[in-house]
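Asks: Supplied structure: query_22.cif, mmCIF, C-alpha atoms and all ligand atoms.
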data_start
loop_
_atom_site.group_PDB
_atom_site.id
_atom_site.type_symbol
_atom_site.label_atom_id
_atom_site.label_comp_id
_atom_site.auth_asym_id
_atom_site.auth_seq_id
_atom_site.Cartn_x
_atom_site.Cartn_y
_atom_site.Cartn_z
ATOM 1 C CA MET A 1 -0.984 30.007 -15.014
ATOM 2 C CA GLY A 2 -0.194 26.330 -15.599
ATOM 3 C CA PHE A 3 1.425 23.935 -13.146
ATOM 4 C CA VAL A 4 5.202 23.778 -12.858
ATOM 5 C CA PHE A 5 6.843 20.398 -12.292
ATOM 6 C CA ALA A 6 10.361 21.331 -13.407
ATOM 7 C CA ASN A 7 13.035 19.062 -11.866
ATOM 8 C CA GLN A 8 10.339 16.678 -10.676
ATOM 9 C CA VAL A 9 9.686 13.072 -11.624
ATOM 10 C CA ALA A 10 6.235 11.611 -12.271
ATOM 11 C CA LEU A 11 5.107 8.023 -12.817
ATOM 12 C CA VAL A 12 1.779 7.241 -14.497
ATOM 13 C CA THR A 13 0.275 3.749 -14.877
ATOM 14 C CA GLY A 14 -2.147 2.974 -17.675
ATOM 15 C CA ALA A 15 -0.328 5.736 -19.540
ATOM 16 C CA ALA A 16 -0.857 4.467 -23.078
ATOM 17 C CA SER A 17 -4.483 5.572 -23.370
ATOM 18 C CA GLY A 18 -7.288 7.844 -22.170
ATOM 19 C CA ILE A 19 -6.943 9.502 -18.773
ATOM 20 C CA GLY A 20 -3.448 8.125 -18.123
ATOM 21 C CA LEU A 21 -2.104 9.391 -21.438
ATOM 22 C CA ALA A 22 -3.650 12.857 -20.967
ATOM 23 C CA THR A 23 -2.133 13.058 -17.470
ATOM 24 C CA ALA A 24 1.315 11.826 -18.548
ATOM 25 C CA ARG A 25 1.272 14.432 -21.315
ATOM 26 C CA ALA A 26 0.200 17.167 -18.868
ATOM 27 C CA PHE A 27 3.021 16.260 -16.443
ATOM 28 C CA ALA A 28 5.523 16.311 -19.318
ATOM 29 C CA GLU A 29 4.243 19.664 -20.603
ATOM 30 C CA ALA A 30 4.571 21.035 -17.044
ATOM 31 C CA GLY A 31 8.264 20.138 -17.115
ATOM 32 C CA ALA A 32 8.358 16.809 -15.264
ATOM 33 C CA ALA A 33 10.405 13.816 -16.337
ATOM 34 C CA VAL A 34 7.741 11.144 -16.779
ATOM 35 C CA ALA A 35 7.775 7.342 -16.645
ATOM 36 C CA LEU A 36 4.846 6.033 -18.693
ATOM 37 C CA ALA A 37 3.865 2.504 -17.642
ATOM 38 C CA ASP A 38 1.312 0.273 -19.319
ATOM 39 C CA VAL A 39 0.567 -3.412 -19.877
ATOM 40 C CA ASN A 40 0.273 -2.606 -23.592
ATOM 41 C CA ARG A 41 4.003 -2.418 -24.318
ATOM 42 C CA GLU A 42 3.680 -1.533 -27.992
ATOM 43 C CA ALA A 43 1.249 1.319 -27.334
ATOM 44 C CA VAL A 44 3.238 2.780 -24.438
ATOM 45 C CA HIS A 45 6.436 2.744 -26.503
ATOM 46 C CA ALA A 46 4.584 4.531 -29.309
ATOM 47 C CA VAL A 47 3.164 7.310 -27.097
ATOM 48 C CA ALA A 48 6.478 7.766 -25.281
ATOM 49 C CA GLY A 49 8.152 8.076 -28.690
ATOM 50 C CA GLU A 50 5.704 10.847 -29.637
ATOM 51 C CA LEU A 51 6.261 12.752 -26.388
ATOM 52 C CA SER A 52 9.998 12.314 -26.696
ATOM 53 C CA ALA A 53 9.938 13.628 -30.268
ATOM 54 C CA ALA A 54 8.083 16.689 -28.959
ATOM 55 C CA GLY A 55 11.067 17.376 -26.672
ATOM 56 C CA HIS A 56 9.793 15.863 -23.412
ATOM 57 C CA LYS A 57 11.853 13.739 -21.020
ATOM 58 C CA VAL A 58 9.952 10.450 -20.846
ATOM 59 C CA ILE A 59 10.535 6.705 -20.692
ATOM 60 C CA PRO A 60 8.139 3.866 -21.543
ATOM 61 C CA ILE A 61 7.863 0.930 -19.132
ATOM 62 C CA GLY A 62 5.975 -2.258 -19.937
ATOM 63 C CA CYS A 63 4.238 -3.217 -16.691
ATOM 64 C CA ASP A 64 1.227 -5.298 -15.749
ATOM 65 C CA VAL A 65 0.153 -3.835 -12.387
ATOM 66 C CA SER A 66 -1.435 -7.150 -11.388
ATOM 67 C CA ASP A 67 2.091 -8.644 -11.206
ATOM 68 C CA ILE A 68 3.840 -7.420 -8.058
ATOM 69 C CA THR A 69 7.304 -8.250 -9.429
ATOM 70 C CA GLN A 70 6.685 -6.074 -12.479
ATOM 71 C CA VAL A 71 5.387 -3.259 -10.252
ATOM 72 C CA GLN A 72 8.515 -3.336 -8.104
ATOM 73 C CA ALA A 73 10.661 -3.272 -11.260
ATOM 74 C CA MET A 74 8.606 -0.329 -12.626
ATOM 75 C CA VAL A 75 9.325 1.817 -9.562
ATOM 76 C CA ARG A 76 13.004 0.746 -9.529
ATOM 77 C CA GLN A 77 13.393 1.602 -13.223
ATOM 78 C CA THR A 78 11.801 5.035 -12.752
ATOM 79 C CA VAL A 79 14.141 5.901 -9.886
ATOM 80 C CA ALA A 80 17.178 4.400 -11.646
ATOM 81 C CA GLU A 81 16.459 6.464 -14.761
ATOM 82 C CA PHE A 82 15.434 9.796 -13.200
ATOM 83 C CA GLY A 83 16.928 9.653 -9.680
ATOM 84 C CA ARG A 84 13.766 10.291 -7.651
ATOM 85 C CA LEU A 85 9.959 9.978 -7.591
ATOM 86 C CA ASP A 86 7.847 13.013 -6.728
ATOM 87 C CA ALA A 87 4.398 12.241 -8.135
ATOM 88 C CA ALA A 88 2.666 8.967 -8.917
ATOM 89 C CA PHE A 89 -0.703 8.608 -10.638
ATOM 90 C CA ASN A 90 -1.972 5.053 -10.204
ATOM 91 C CA ASN A 91 -4.529 4.984 -12.966
ATOM 92 C CA ALA A 92 -4.446 1.579 -14.703
ATOM 93 C CA GLY A 93 -7.886 0.004 -14.559
ATOM 94 C CA ILE A 94 -10.294 -2.298 -16.344
ATOM 95 C CA GLN A 95 -14.059 -2.851 -16.495
ATOM 96 C CA ASN A 96 -15.839 -5.917 -15.167
ATOM 97 C CA LEU A 97 -18.003 -8.119 -17.379
ATOM 98 C CA LEU A 98 -21.556 -6.919 -16.805
ATOM 99 C CA ALA A 99 -23.433 -9.448 -14.675
ATOM 100 C CA GLU A 100 -25.783 -9.557 -11.730
ATOM 101 C CA THR A 101 -23.886 -10.455 -8.580
ATOM 102 C CA ALA A 102 -25.595 -13.859 -8.506
ATOM 103 C CA ASP A 103 -24.244 -14.637 -11.983
ATOM 104 C CA ALA A 104 -20.771 -13.055 -11.905
ATOM 105 C CA THR A 105 -17.841 -15.470 -12.048
ATOM 106 C CA ALA A 106 -14.985 -15.822 -9.588
ATOM 107 C CA GLU A 107 -12.602 -15.447 -12.548
ATOM 108 C CA ASP A 108 -13.983 -12.020 -13.424
ATOM 109 C CA TYR A 109 -13.922 -10.972 -9.752
ATOM 110 C CA ASP A 110 -10.234 -11.968 -9.479
ATOM 111 C CA ARG A 111 -9.337 -10.322 -12.813
ATOM 112 C CA VAL A 112 -10.889 -6.986 -11.844
ATOM 113 C CA MET A 113 -9.561 -7.007 -8.276
ATOM 114 C CA SER A 114 -6.036 -7.978 -9.358
ATOM 115 C CA VAL A 115 -5.754 -4.859 -11.538
ATOM 116 C CA ASN A 116 -8.087 -2.301 -9.955
ATOM 117 C CA LEU A 117 -7.361 -2.954 -6.273
ATOM 118 C CA ARG A 118 -4.357 -5.249 -5.735
ATOM 119 C CA GLY A 119 -2.505 -3.463 -8.563
ATOM 120 C CA MET A 120 -3.182 -0.116 -6.908
ATOM 121 C CA TRP A 121 -1.975 -1.496 -3.552
ATOM 122 C CA ALA A 122 1.223 -2.898 -5.109
ATOM 123 C CA CYS A 123 1.985 0.421 -6.837
ATOM 124 C CA MET A 124 1.498 2.323 -3.584
ATOM 125 C CA LYS A 125 3.628 -0.174 -1.642
ATOM 126 C CA PHE A 126 6.762 0.334 -3.734
ATOM 127 C CA GLN A 127 6.198 4.044 -4.401
ATOM 128 C CA LEU A 128 5.804 4.656 -0.656
ATOM 129 C CA GLN A 129 8.962 2.679 0.134
ATOM 130 C CA HIS A 130 10.861 5.081 -2.076
ATOM 131 C CA MET A 131 9.027 8.251 -0.975
ATOM 132 C CA ARG A 132 9.494 7.328 2.699
ATOM 133 C CA GLU A 133 13.231 7.159 2.158
ATOM 134 C CA GLN A 134 13.209 10.311 0.027
ATOM 135 C CA GLY A 135 11.160 12.171 2.648
ATOM 136 C CA SER A 136 8.610 13.572 0.193
ATOM 137 C CA GLY A 137 6.082 12.665 -2.460
ATOM 138 C CA SER A 138 2.502 12.716 -3.648
ATOM 139 C CA ILE A 139 0.336 9.841 -4.836
ATOM 140 C CA VAL A 140 -2.997 10.151 -6.632
ATOM 141 C CA ASN A 141 -5.036 6.979 -7.087
ATOM 142 C CA CYS A 142 -7.722 6.675 -9.736
ATOM 143 C CA SER A 143 -11.002 5.627 -8.165
ATOM 144 C CA SER A 144 -14.283 6.466 -9.900
ATOM 145 C CA LEU A 145 -17.796 7.633 -9.225
ATOM 146 C CA GLY A 146 -18.048 3.844 -8.913
ATOM 147 C CA GLY A 147 -16.019 4.239 -5.711
ATOM 148 C CA LEU A 148 -18.776 6.344 -4.186
ATOM 149 C CA VAL A 149 -22.063 4.770 -5.317
ATOM 150 C CA GLY A 150 -23.306 1.305 -6.232
ATOM 151 C CA GLY A 151 -23.712 0.099 -9.810
ATOM 152 C CA ALA A 152 -26.064 -2.660 -10.936
ATOM 153 C CA GLU A 153 -24.168 -5.423 -12.775
ATOM 154 C CA ARG A 154 -20.909 -3.707 -11.866
ATOM 155 C CA ALA A 155 -20.373 -4.936 -8.310
ATOM 156 C CA ASN A 156 -16.786 -6.123 -8.889
ATOM 157 C CA TYR A 157 -15.703 -2.823 -10.415
ATOM 158 C CA HIS A 158 -17.503 -0.718 -7.799
ATOM 159 C CA ALA A 159 -16.141 -2.842 -4.939
ATOM 160 C CA ALA A 160 -12.584 -2.390 -6.222
ATOM 161 C CA LYS A 161 -13.048 1.359 -6.688
ATOM 162 C CA HIS A 162 -14.530 1.709 -3.158
ATOM 163 C CA GLY A 163 -11.454 -0.217 -1.963
ATOM 164 C CA VAL A 164 -9.155 2.290 -3.658
ATOM 165 C CA ILE A 165 -10.612 5.016 -1.434
ATOM 166 C CA GLY A 166 -9.932 2.883 1.669
ATOM 167 C CA LEU A 167 -6.327 2.335 0.595
ATOM 168 C CA THR A 168 -5.966 6.054 -0.104
ATOM 169 C CA LYS A 169 -7.284 7.226 3.277
ATOM 170 C CA SER A 170 -5.272 4.638 5.230
ATOM 171 C CA ALA A 171 -1.965 5.422 3.531
ATOM 172 C CA ALA A 172 -2.706 9.165 3.795
ATOM 173 C CA LEU A 173 -3.036 8.781 7.578
ATOM 174 C CA GLU A 174 0.203 6.813 7.836
ATOM 175 C CA TYR A 175 2.303 9.353 5.928
ATOM 176 C CA ALA A 176 0.569 12.694 6.651
ATOM 177 C CA ALA A 177 3.274 13.801 9.078
ATOM 178 C CA ARG A 178 6.067 12.559 6.802
ATOM 179 C CA ASN A 179 5.595 14.963 3.897
ATOM 180 C CA ILE A 180 3.828 12.407 1.689
ATOM 181 C CA ARG A 181 0.283 13.109 0.533
ATOM 182 C CA VAL A 182 -2.089 10.457 -0.834
ATOM 183 C CA ASN A 183 -5.344 11.390 -2.567
ATOM 184 C CA ALA A 184 -7.800 9.902 -5.028
ATOM 185 C CA VAL A 185 -9.621 11.246 -8.034
ATOM 186 C CA CYS A 186 -13.114 10.015 -8.864
ATOM 187 C CA PRO A 187 -13.842 10.554 -12.555
ATOM 188 C CA GLY A 188 -17.411 10.555 -13.801
ATOM 189 C CA LEU A 189 -18.166 9.582 -17.378
ATOM 190 C CA ILE A 190 -15.033 10.495 -19.350
ATOM 191 C CA TRP A 191 -14.784 10.001 -23.084
ATOM 192 C CA THR A 192 -11.840 7.596 -23.537
ATOM 193 C CA PRO A 193 -11.202 4.296 -25.342
ATOM 194 C CA MET A 194 -12.708 2.606 -22.234
ATOM 195 C CA ALA A 195 -15.987 4.452 -22.848
ATOM 196 C CA GLU A 196 -15.765 3.545 -26.551
ATOM 197 C CA GLN A 197 -15.360 -0.117 -25.570
ATOM 198 C CA MET A 198 -18.512 0.164 -23.455
ATOM 199 C CA VAL A 199 -20.412 1.520 -26.463
ATOM 200 C CA ALA A 200 -19.001 -1.284 -28.635
ATOM 201 C CA ALA A 201 -20.144 -3.794 -26.001
ATOM 202 C CA GLY A 202 -23.739 -2.576 -26.380
ATOM 203 C CA GLN A 203 -23.799 -0.192 -23.422
ATOM 204 C CA GLY A 204 -24.221 2.928 -25.581
ATOM 205 C CA GLU A 205 -27.844 3.445 -24.532
ATOM 206 C CA ALA A 206 -26.954 3.149 -20.832
ATOM 207 C CA LEU A 207 -24.169 5.715 -21.278
ATOM 208 C CA GLU A 208 -26.540 8.082 -23.088
ATOM 209 C CA GLY A 209 -28.971 7.709 -20.182
ATOM 210 C CA MET A 210 -26.155 8.512 -17.791
ATOM 211 C CA VAL A 211 -25.237 11.682 -19.682
ATOM 212 C CA LYS A 212 -28.838 12.865 -19.163
ATOM 213 C CA SER A 213 -28.375 12.541 -15.401
ATOM 214 C CA ILE A 214 -25.137 14.547 -15.337
ATOM 215 C CA PRO A 215 -25.957 18.103 -14.185
ATOM 216 C CA MET A 216 -23.523 19.539 -16.746
ATOM 217 C CA ALA A 217 -25.288 17.376 -19.383
ATOM 218 C CA ARG A 218 -22.082 16.202 -21.052
ATOM 219 C CA HIS A 219 -19.334 13.645 -20.572
ATOM 220 C CA GLY A 220 -15.900 14.781 -19.428
ATOM 221 C CA ARG A 221 -12.586 14.957 -21.269
ATOM 222 C CA PRO A 222 -9.441 13.117 -20.105
ATOM 223 C CA GLU A 223 -7.669 16.479 -19.818
ATOM 224 C CA GLU A 224 -10.205 17.540 -17.163
ATOM 225 C CA ILE A 225 -9.065 14.631 -14.982
ATOM 226 C CA ALA A 226 -5.405 15.427 -15.725
ATOM 227 C CA ASP A 227 -5.930 18.985 -14.408
ATOM 228 C CA ALA A 228 -7.247 17.629 -11.101
ATOM 229 C CA VAL A 229 -4.388 15.127 -10.812
ATOM 230 C CA LEU A 230 -1.767 17.791 -11.475
ATOM 231 C CA TRP A 231 -3.325 20.075 -8.875
ATOM 232 C CA LEU A 232 -3.455 17.280 -6.275
ATOM 233 C CA SER A 233 0.169 16.380 -7.102
ATOM 234 C CA SER A 234 1.384 19.978 -6.941
ATOM 235 C CA ARG A 235 2.586 22.076 -4.034
ATOM 236 C CA ARG A 236 -0.607 24.115 -4.416
ATOM 237 C CA ALA A 237 -2.429 21.192 -2.800
ATOM 238 C CA SER A 238 0.132 21.063 0.029
ATOM 239 C CA TYR A 239 -2.545 20.865 2.787
ATOM 240 C CA VAL A 240 -4.726 18.272 1.028
ATOM 241 C CA THR A 241 -4.430 14.585 1.865
ATOM 242 C CA GLY A 242 -6.726 11.564 2.127
ATOM 243 C CA GLN A 243 -9.334 13.166 -0.139
ATOM 244 C CA SER A 244 -11.356 11.706 -2.995
ATOM 245 C CA ILE A 245 -12.062 14.487 -5.455
ATOM 246 C CA SER A 246 -15.011 13.972 -7.806
ATOM 247 C CA VAL A 247 -14.517 15.313 -11.325
ATOM 248 C CA ASP A 248 -17.833 14.326 -12.809
ATOM 249 C CA GLY A 249 -19.852 17.310 -14.023
ATOM 250 C CA GLY A 250 -21.766 17.264 -10.732
ATOM 251 C CA PHE A 251 -23.054 13.674 -11.040
ATOM 252 C CA ILE A 252 -22.419 12.665 -7.442
ATOM 253 C CA MET A 253 -24.420 15.608 -6.012
ATOM 254 C CA ARG A 254 -27.696 13.802 -6.622
HETATM 255 N N1 LIG B 301 -13.455 6.588 -18.722
HETATM 256 C C1 LIG B 301 -14.278 6.730 -17.702
HETATM 257 O O1 LIG B 301 -15.448 7.122 -17.853
HETATM 258 C C2 LIG B 301 -13.820 6.424 -16.298
HETATM 259 C C3 LIG B 301 -14.666 6.767 -15.230
HETATM 260 C C4 LIG B 301 -14.267 6.517 -13.934
HETATM 261 C C5 LIG B 301 -13.030 5.947 -13.692
HETATM 262 N N2 LIG B 301 -12.234 5.612 -14.750
HETATM 263 C C6 LIG B 301 -10.939 5.005 -14.420
HETATM 264 O O2 LIG B 301 -9.918 5.736 -15.047
HETATM 265 C C7 LIG B 301 -8.807 4.872 -15.308
HETATM 266 C C8 LIG B 301 -8.383 5.032 -16.755
HETATM 267 O O3 LIG B 301 -9.490 4.723 -17.584
HETATM 268 P P1 LIG B 301 -9.569 5.151 -19.115
HETATM 269 O O4 LIG B 301 -10.983 5.472 -19.360
HETATM 270 O O5 LIG B 301 -8.514 6.117 -19.445
HETATM 271 O O6 LIG B 301 -9.297 3.711 -19.769
HETATM 272 P P2 LIG B 301 -8.488 3.260 -21.072
HETATM 273 O O7 LIG B 301 -8.963 1.863 -21.317
HETATM 274 O O8 LIG B 301 -8.581 4.278 -22.135
HETATM 275 O O9 LIG B 301 -6.988 3.218 -20.549
HETATM 276 C C9 LIG B 301 -6.572 2.325 -19.560
HETATM 277 C C10 LIG B 301 -5.115 1.981 -19.769
HETATM 278 O O10 LIG B 301 -4.724 1.088 -18.720
HETATM 279 C C11 LIG B 301 -3.966 0.041 -19.285
HETATM 280 N N3 LIG B 301 -4.051 -1.143 -18.454
HETATM 281 C C12 LIG B 301 -5.090 -2.019 -18.356
HETATM 282 N N4 LIG B 301 -4.764 -3.018 -17.543
HETATM 283 C C13 LIG B 301 -3.506 -2.795 -17.104
HETATM 284 C C14 LIG B 301 -2.613 -3.495 -16.257
HETATM 285 N N5 LIG B 301 -2.954 -4.673 -15.708
HETATM 286 N N6 LIG B 301 -1.385 -2.960 -16.012
HETATM 287 C C15 LIG B 301 -1.015 -1.781 -16.584
HETATM 288 N N7 LIG B 301 -1.813 -1.092 -17.430
HETATM 289 C C16 LIG B 301 -3.044 -1.587 -17.681
HETATM 290 C C17 LIG B 301 -4.553 -0.175 -20.673
HETATM 291 O O11 LIG B 301 -3.638 -0.844 -21.531
HETATM 292 C C18 LIG B 301 -4.849 1.258 -21.093
HETATM 293 O O12 LIG B 301 -3.744 1.834 -21.767
HETATM 294 C C19 LIG B 301 -9.274 3.463 -14.924
HETATM 295 O O13 LIG B 301 -8.803 3.145 -13.625
HETATM 296 C C20 LIG B 301 -10.781 3.591 -14.916
HETATM 297 O O14 LIG B 301 -11.395 2.647 -14.076
HETATM 298 C C21 LIG B 301 -12.593 5.838 -16.044
#
Would you give me this structure, written as C-alpha cells?
Replies:
Amino acid sequence: MGFVFANQVALVTGAASGIGLATARAFAEAGAAVALADVNREAVHAVAGELSAAGHKVIPIGCDVSDITQVQAMVRQTVAEFGRLDAAFNNAGIQNLLAETADATAEDYDRVMSVNLRGMWACMKFQLQHMREQGSGSIVNCSSLGGLVGGAERANYHAAKHGVIGLTKSAALEYAARNIRVNAVCPGLIWTPMAEQMVAAGQGEALEGMVKSIPMARHGRPEEIADAVLWLSSRRASYVTGQSISVDGGFIMR
C-alpha cells in the first residue's frame, strides 16, 4: 500500500529536477498539496504546470535557498496558500568544484556552504517557527553518503553534508517532545541531472568506478530516495527522529 498524505501540505526545495522532483511528485500522488521551490524559476513553473495538469494541487515558488529573505518568503507563501505545513524536504544542493583542499578557493567554499548548509539551516529555521506554532510537523534534510565519509577533492561538499547531519540531530533533540520530527536521508549515487553534469565534467570514469564498489552494483533512482523521504515524513515513522538513513545500495557498509 502506498503512503497517504491527504489533507497534508508538503514543501520541497530543489523541486525542479532529480530527487526533489521525484519526491514532490510522490507527495502529490499521495494526496498532499505541494509547494515546489527551486532557484530555477522557469523549470519549477514548468514542472508545477505538468503536475497541476495531471490533477495535483501544487504551486511553484522561485526561491534561492542561499538567500534567507527568499527562504522566509517561501515558507510564508506555502502557509498562505495551503494553510499549514506538515512535511518539508530540504533537498536543494550543488556540487563543489573538484580541487584538493590546498587548491580550493574561498569563493567555492562559500558558494557550496551557502546553499548546502546555510540554505538548509535557513529552511529549517522558518519551517520550525511555523511547525512549533502548529504543534506538529516533519522535516527531512538531504545529506549524502558525503555526509558520512570523506571524499578526495570534495572537502567543501562533504563538510557541508556532514554539517547537515549535525543540524538534523540538534533540531531533532530540540523538538522531539513537541511532536516535530527531524531526520536526514543520505543518498548514494543516484542517476539525476546532477550525476549527468558530473559525467559531462569528465567524472564519468570515477562514477563508473564507484558503481563497482556499490554492493548492489548499480546506481539508484530518484524515486528510491522519494520512497524513503515519504516514509520518514509519514506517521508510519512516528517514533523515528534524529536519524540519517542511507539509501545507497549498501555503499556505506564497507
Ligand atoms: N544525485 C546524487 O547522486 C546525489 C547523491 C547524494 C546526495 N545528493 C543530494 O541530493 C540533492 C538533490 O540532488 P539531485 O541529484 O537531484 O540534483 P539536481 O541537480 O538534479 O537537482 C537539484 C535542484 O536543486 C536546485 N537548486 C540548486 N541550487 C539551488 C538554490 N540555491 N536554491 C534552490 N534550489 C536550488 C536546482 O535548480 C535543481 O533543480 C542535493 O542536495 C544533492 O547534494 C545527490
Asks: Just so the selection is clear, what residues does the PyMOL selection byres (((chain A and resi 215-223) around 12) and not hetatm) cover here, as a ChimeraX atom specification?
Replies: /A:15,17-27,91,186-195,207-214,224-230,246-254
Asks: Give me the residues within 8 Å of Phe3 of chain A as a list in words, counting all atoms listed in the file and dropping any in the same chain fewer than 6 places off.
Replies: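 So the residues in contact are Ala30, Leu230, Trp231 and Ser234 of chain A.
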Asks: Next, the residues of the selection above should be written as a compact mmCIF listing (two decimals), keeping the file's coordinate frame with C-alpha atoms.
Replies:
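In the end it all went to part_29.txt:
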# COMPACT_ATOMS: atom_id res chain seq x y z
CA ALA A 30 4.57 21.04 -17.04
CA LEU A 230 -1.77 17.79 -11.48
CA TRP A 231 -3.32 20.08 -8.88
CA SER A 234 1.38 19.98 -6.94
Asks: Given the PyMOL selection byres (((chain A and resi 152-168) around 10) and not hetatm) and the file above, list the residues it selects as a PDB file with C-alpha atoms, in the frame of the given file.
Replies:
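The resulting file, expr05.pdb, is shown below:
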ATOM      1  CA  GLY A  93      -7.886   0.004 -14.559  1.00  0.00           C
ATOM      2  CA  ILE A  94     -10.294  -2.298 -16.344  1.00  0.00           C
ATOM      3  CA  GLN A  95     -14.059  -2.851 -16.495  1.00  0.00           C
ATOM      4  CA  ASN A  96     -15.839  -5.917 -15.167  1.00  0.00           C
ATOM      5  CA  LEU A  97     -18.003  -8.119 -17.379  1.00  0.00           C
ATOM      6  CA  LEU A  98     -21.556  -6.919 -16.805  1.00  0.00           C
ATOM      7  CA  ALA A  99     -23.433  -9.448 -14.675  1.00  0.00           C
ATOM      8  CA  GLU A 100     -25.783  -9.557 -11.730  1.00  0.00           C
ATOM      9  CA  THR A 101     -23.886 -10.455  -8.580  1.00  0.00           C
ATOM     10  CA  ALA A 102     -25.595 -13.859  -8.506  1.00  0.00           C
ATOM     11  CA  ASP A 103     -24.244 -14.637 -11.983  1.00  0.00           C
ATOM     12  CA  ALA A 104     -20.771 -13.055 -11.905  1.00  0.00           C
ATOM     13  CA  THR A 105     -17.841 -15.470 -12.048  1.00  0.00           C
ATOM     14  CA  ALA A 106     -14.985 -15.822  -9.588  1.00  0.00           C
ATOM     15  CA  ASP A 108     -13.983 -12.020 -13.424  1.00  0.00           C
ATOM     16  CA  TYR A 109     -13.922 -10.972  -9.752  1.00  0.00           C
ATOM     17  CA  ASP A 110     -10.234 -11.968  -9.479  1.00  0.00           C
ATOM     18  CA  ARG A 111      -9.337 -10.322 -12.813  1.00  0.00           C
ATOM     19  CA  VAL A 112     -10.889  -6.986 -11.844  1.00  0.00           C
ATOM     20  CA  MET A 113      -9.561  -7.007  -8.276  1.00  0.00           C
ATOM     21  CA  SER A 114      -6.036  -7.978  -9.358  1.00  0.00           C
ATOM     22  CA  VAL A 115      -5.754  -4.859 -11.538  1.00  0.00           C
ATOM     23  CA  ASN A 116      -8.087  -2.301  -9.955  1.00  0.00           C
ATOM     24  CA  LEU A 117      -7.361  -2.954  -6.273  1.00  0.00           C
ATOM     25  CA  ARG A 118      -4.357  -5.249  -5.735  1.00  0.00           C
ATOM     26  CA  MET A 120      -3.182  -0.116  -6.908  1.00  0.00           C
ATOM     27  CA  TRP A 121      -1.975  -1.496  -3.552  1.00  0.00           C
ATOM     28  CA  MET A 124       1.498   2.323  -3.584  1.00  0.00           C
ATOM     29  CA  ILE A 139       0.336   9.841  -4.836  1.00  0.00           C
ATOM     30  CA  VAL A 140      -2.997  10.151  -6.632  1.00  0.00           C
ATOM     31  CA  ASN A 141      -5.036   6.979  -7.087  1.00  0.00           C
ATOM     32  CA  CYS A 142      -7.722   6.675  -9.736  1.00  0.00           C
ATOM     33  CA  SER A 143     -11.002   5.627  -8.165  1.00  0.00           C
ATOM     34  CA  SER A 144     -14.283   6.466  -9.900  1.00  0.00           C
ATOM     35  CA  LEU A 145     -17.796   7.633  -9.225  1.00  0.00           C
ATOM     36  CA  GLY A 146     -18.048   3.844  -8.913  1.00  0.00           C
ATOM     37  CA  GLY A 147     -16.019   4.239  -5.711  1.00  0.00           C
ATOM     38  CA  LEU A 148     -18.776   6.344  -4.186  1.00  0.00           C
ATOM     39  CA  VAL A 149     -22.063   4.770  -5.317  1.00  0.00           C
ATOM     40  CA  GLY A 150     -23.306   1.305  -6.232  1.00  0.00           C
ATOM     41  CA  GLY A 151     -23.712   0.099  -9.810  1.00  0.00           C
ATOM     42  CA  LYS A 169      -7.284   7.226   3.277  1.00  0.00           C
ATOM     43  CA  SER A 170      -5.272   4.638   5.230  1.00  0.00           C
ATOM     44  CA  ALA A 171      -1.965   5.422   3.531  1.00  0.00           C
ATOM     45  CA  ALA A 172      -2.706   9.165   3.795  1.00  0.00           C
ATOM     46  CA  LEU A 173      -3.036   8.781   7.578  1.00  0.00           C
ATOM     47  CA  ARG A 181       0.283  13.109   0.533  1.00  0.00           C
ATOM     48  CA  VAL A 182      -2.089  10.457  -0.834  1.00  0.00           C
ATOM     49  CA  ASN A 183      -5.344  11.390  -2.567  1.00  0.00           C
ATOM     50  CA  ALA A 184      -7.800   9.902  -5.028  1.00  0.00           C
ATOM     51  CA  VAL A 185      -9.621  11.246  -8.034  1.00  0.00           C
ATOM     52  CA  CYS A 186     -13.114  10.015  -8.864  1.00  0.00           C
ATOM     53  CA  THR A 241      -4.430  14.585   1.865  1.00  0.00           C
ATOM     54  CA  GLY A 242      -6.726  11.564   2.127  1.00  0.00           C
ATOM     55  CA  GLN A 243      -9.334  13.166  -0.139  1.00  0.00           C
ATOM     56  CA  SER A 244     -11.356  11.706  -2.995  1.00  0.00           C
TER      57      SER A 244
END
Asks: Applied to the shown file, which residues does the PyMOL selection byres (((chain A and resi 36) around 8) and not hetatm) return, written as a list in words?
Replies: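 Output of the PyMOL selection byres (((chain A and resi 36) around 8) and not hetatm): Leu11, Val12, Thr13, Gly14, Ala15, Ala16, Ala24, Val34, Ala35, Ala37, Asp38, Val44, Ala48, Val58, Ile59, Pro60 and Ile61 of chain A.
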Asks: What separation in Å, quoted to one decimal, exists between atom CA of Ala10 of chain A and atom CA of Phe89 of chain A?
Replies: 7.7 Å
Asks: What does the distance from atom CA of His56 of chain A to atom O1 of ligand LIG 301 (chain B) come to in Å, to one decimal?
Replies: 27.3 Å
Asks: Give me, please, the distance in Å between atom CA of Ala53 of chain A and atom CA of Ala28 of chain A, quoted to one decimal.
Replies: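 It comes out at 12.1 Å.
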Asks: With only C-alpha atoms and all ligand atoms as the atoms that count, which of A:Val39, A:Val75, A:Ala206, A:Ile68 lies nearest to ligand LIG 301 (chain B)?
Replies: A:Val39
Asks: What are the centre and the three edge lengths of an axis-aligned box that wraps all atoms of ligand LIG 301 (chain B) in the file, given that 5 Å is added to every side, written as JSON and rounded to one decimal in Å?
Replies:
{"center_x": -8.2, "center_y": 1.2, "center_z": -17.9, "size_x": 24.4, "size_y": 21.8, "size_z": 18.5}
Asks: Rank A:Gly62, A:Gly137, A:Gly2, A:Gly204 by their smallest atom-to-atom distance to ligand LIG 301 (chain B), using only C-alpha atoms and all ligand atoms, and report the top residue only.
Replies: A:Gly62
Asks: Please determine the residues with any atom at most 12 Å from (4.3, -9.1, -7.4) (coordinates as given in the file, with all atoms listed in the file counting) and report them as a list of chain:residue names.
Replies: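 Neighbouring residues, ordered by chain and number, come to A:Cys63, A:Asp64, A:Val65, A:Ser66, A:Asp67, A:Ile68, A:Thr69, A:Gln70, A:Val71, A:Gln72, A:Ala73, A:Met74, A:Ser114, A:Val115, A:Arg118, A:Gly119, A:Met120, A:Trp121, A:Ala122, A:Cys123, A:Lys125, A:Phe126.
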Asks: Taking only C-alpha atoms and all ligand atoms into account, which of A:Ala177, A:Leu51, A:Val4, A:Ile245 comes nearest ligand LIG 301 (chain B)?
Replies: A:Ile245
